[in-house]
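Colleague: Sharing a structure with you now.
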Amino acid sequence: MAMIICPECEASISDRASVCMNCGFPLSDHLNEEKEIRAAESFAAKLGSNPNYSIGKQVVNWGGNAEIKLHADFQFGEMEQLEPGAVQILRHKSGIKLINSIWRQAAGVEISFIQIVEVKHIPAEEIVREERSIIGRAIVGGVLLGGSAAVVGALSGLDKSKLKKFMVTELYFFDPKIGRIRGVLFRGERSESERFFLKVMQEKQKLID
């Protein structure tokens, strides 16, 4: 156990306390915020002083994995003009682009491979079996990120045979516009999701090697 200073009243209190015993300040939220900021700063430092976030031209044939259609929900609020729900992910030379419609590509969100922090797959039946407690629990740079009821809720009414066809994929990436690590949760067909994101991480590794 360590002692910390309450940012509200400056009292000395345990870092295990959820609220300040002196003034009632919500310490757990404050500490999580501090961890998230430190994780983002650490990742940004690894990218260097002038990273190139360009994703390059779209790739039309990527071994059959040039694009994928999924359902998505976001963490940390809105993502520019992209809306939760049906999303297409388009493969580019140095990254991916998330769009709601092929006719609205200008409104998409671009994520370069170097921005990607982590990709985690969770079989749908595990989410239901664990009462949804495992979704959004990936540790990114020491930060515990919350899950999404929208994506998980869509799985709760499916029987076991259908559940086995689905996969939830958590994509965490550094967003330089807000200086934070953000998360996107995707729900889609299992084999397609695994194959597509495996290729994404392989391409990321090529850039950093």
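Chain labels follow the order of the structure tokens: the first chain is A, the next B, and so on; residue numbering restarts at 1 in every chain, and ligands are counted from 1 in their shown order.
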Tell me which protein, DNA and RNA residues are within 7 Å of Leu27 in chain A, counting only C-alpha atoms, leaving out same-chain ones fewer than 3 positions away, and put them as a PyMOL selection string.

Modeller: chain A and resi 17-20+30-31

Colleague: Please, could you write that set of residues out with N, CA and C atoms as a compact mmCIF listing (two decimals), in the first residue's frame?

Modeller:
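The file below, out.txt, is the result:
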```
# COMPACT_ATOMS: atom_id res chain seq x y z
N ALA A 17 -7.81 3.36 -1.66
CA ALA A 17 -9.13 3.92 -1.35
C ALA A 17 -9.85 4.33 -2.62
N SER A 18 -11.15 4.06 -2.68
CA SER A 18 -11.94 4.44 -3.86
C SER A 18 -12.34 5.91 -3.82
N VAL A 19 -12.50 6.45 -2.61
CA VAL A 19 -12.82 7.87 -2.44
C VAL A 19 -11.96 8.43 -1.31
N CYS A 20 -11.74 9.72 -1.34
CA CYS A 20 -10.99 10.37 -0.27
C CYS A 20 -11.80 10.35 1.01
N HIS A 30 -9.90 9.10 -10.63
CA HIS A 30 -8.72 9.95 -10.83
C HIS A 30 -7.48 9.11 -11.13
N LEU A 31 -7.30 8.00 -10.39
CA LEU A 31 -6.13 7.15 -10.59
C LEU A 31 -6.18 6.46 -11.94
```

Colleague: Write out as an MDAnalysis selection string which residues come within 12 Å of Arg16 in chain A when counting only C-alpha atoms, dropping same-chain ones fewer than 5 positions away.

Modeller: chainID A and resid 1:4 21 26:29 31:32

Colleague: Which residues are near range 66-70 of chain A? Cut-off 12 Å, only C-alpha atoms, ignore same chain within fewer than 6 positions. Put them as a PyMOL selection string.

Modeller: chain A and resi 57-60+84-93+95-102+151+166-169+184-197+199-200

Colleague: Expressed in Å to a single decimal, how great is the separation between CA of Gln202 in chain A and CA of Glu118 in chain A?

Modeller: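 Separation between CA of Gln202 in chain A and CA of Glu118 in chain A: 12.2 Å.
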
Colleague: Can you work out which one of A:Leu198, A:Glu125, A:Pro176, A:Arg182 has the shortest atom-to-atom distance to Ala45 in chain A, counting only C-alpha atoms?

Modeller: A:Pro176

Colleague: Please report the interatomic distance between CA of Leu171 in chain A and CA of Ala40 in chain A in Å with one decimal.

Modeller: 14.9 Å

Colleague: I need the residue nearest Gly56 in chain A from this list: A:Ile111, A:Cys6, A:Ala44, A:Ala72. Use only C-alpha atoms for the distance.

Modeller: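 Nearest to Gly56 in chain A: A:Ile111.
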
Colleague: When you draw a straight line from CA of Ser49 in chain A to CA of Phe174 in chain A, how long is it in Å?

Modeller: 14.5 Å
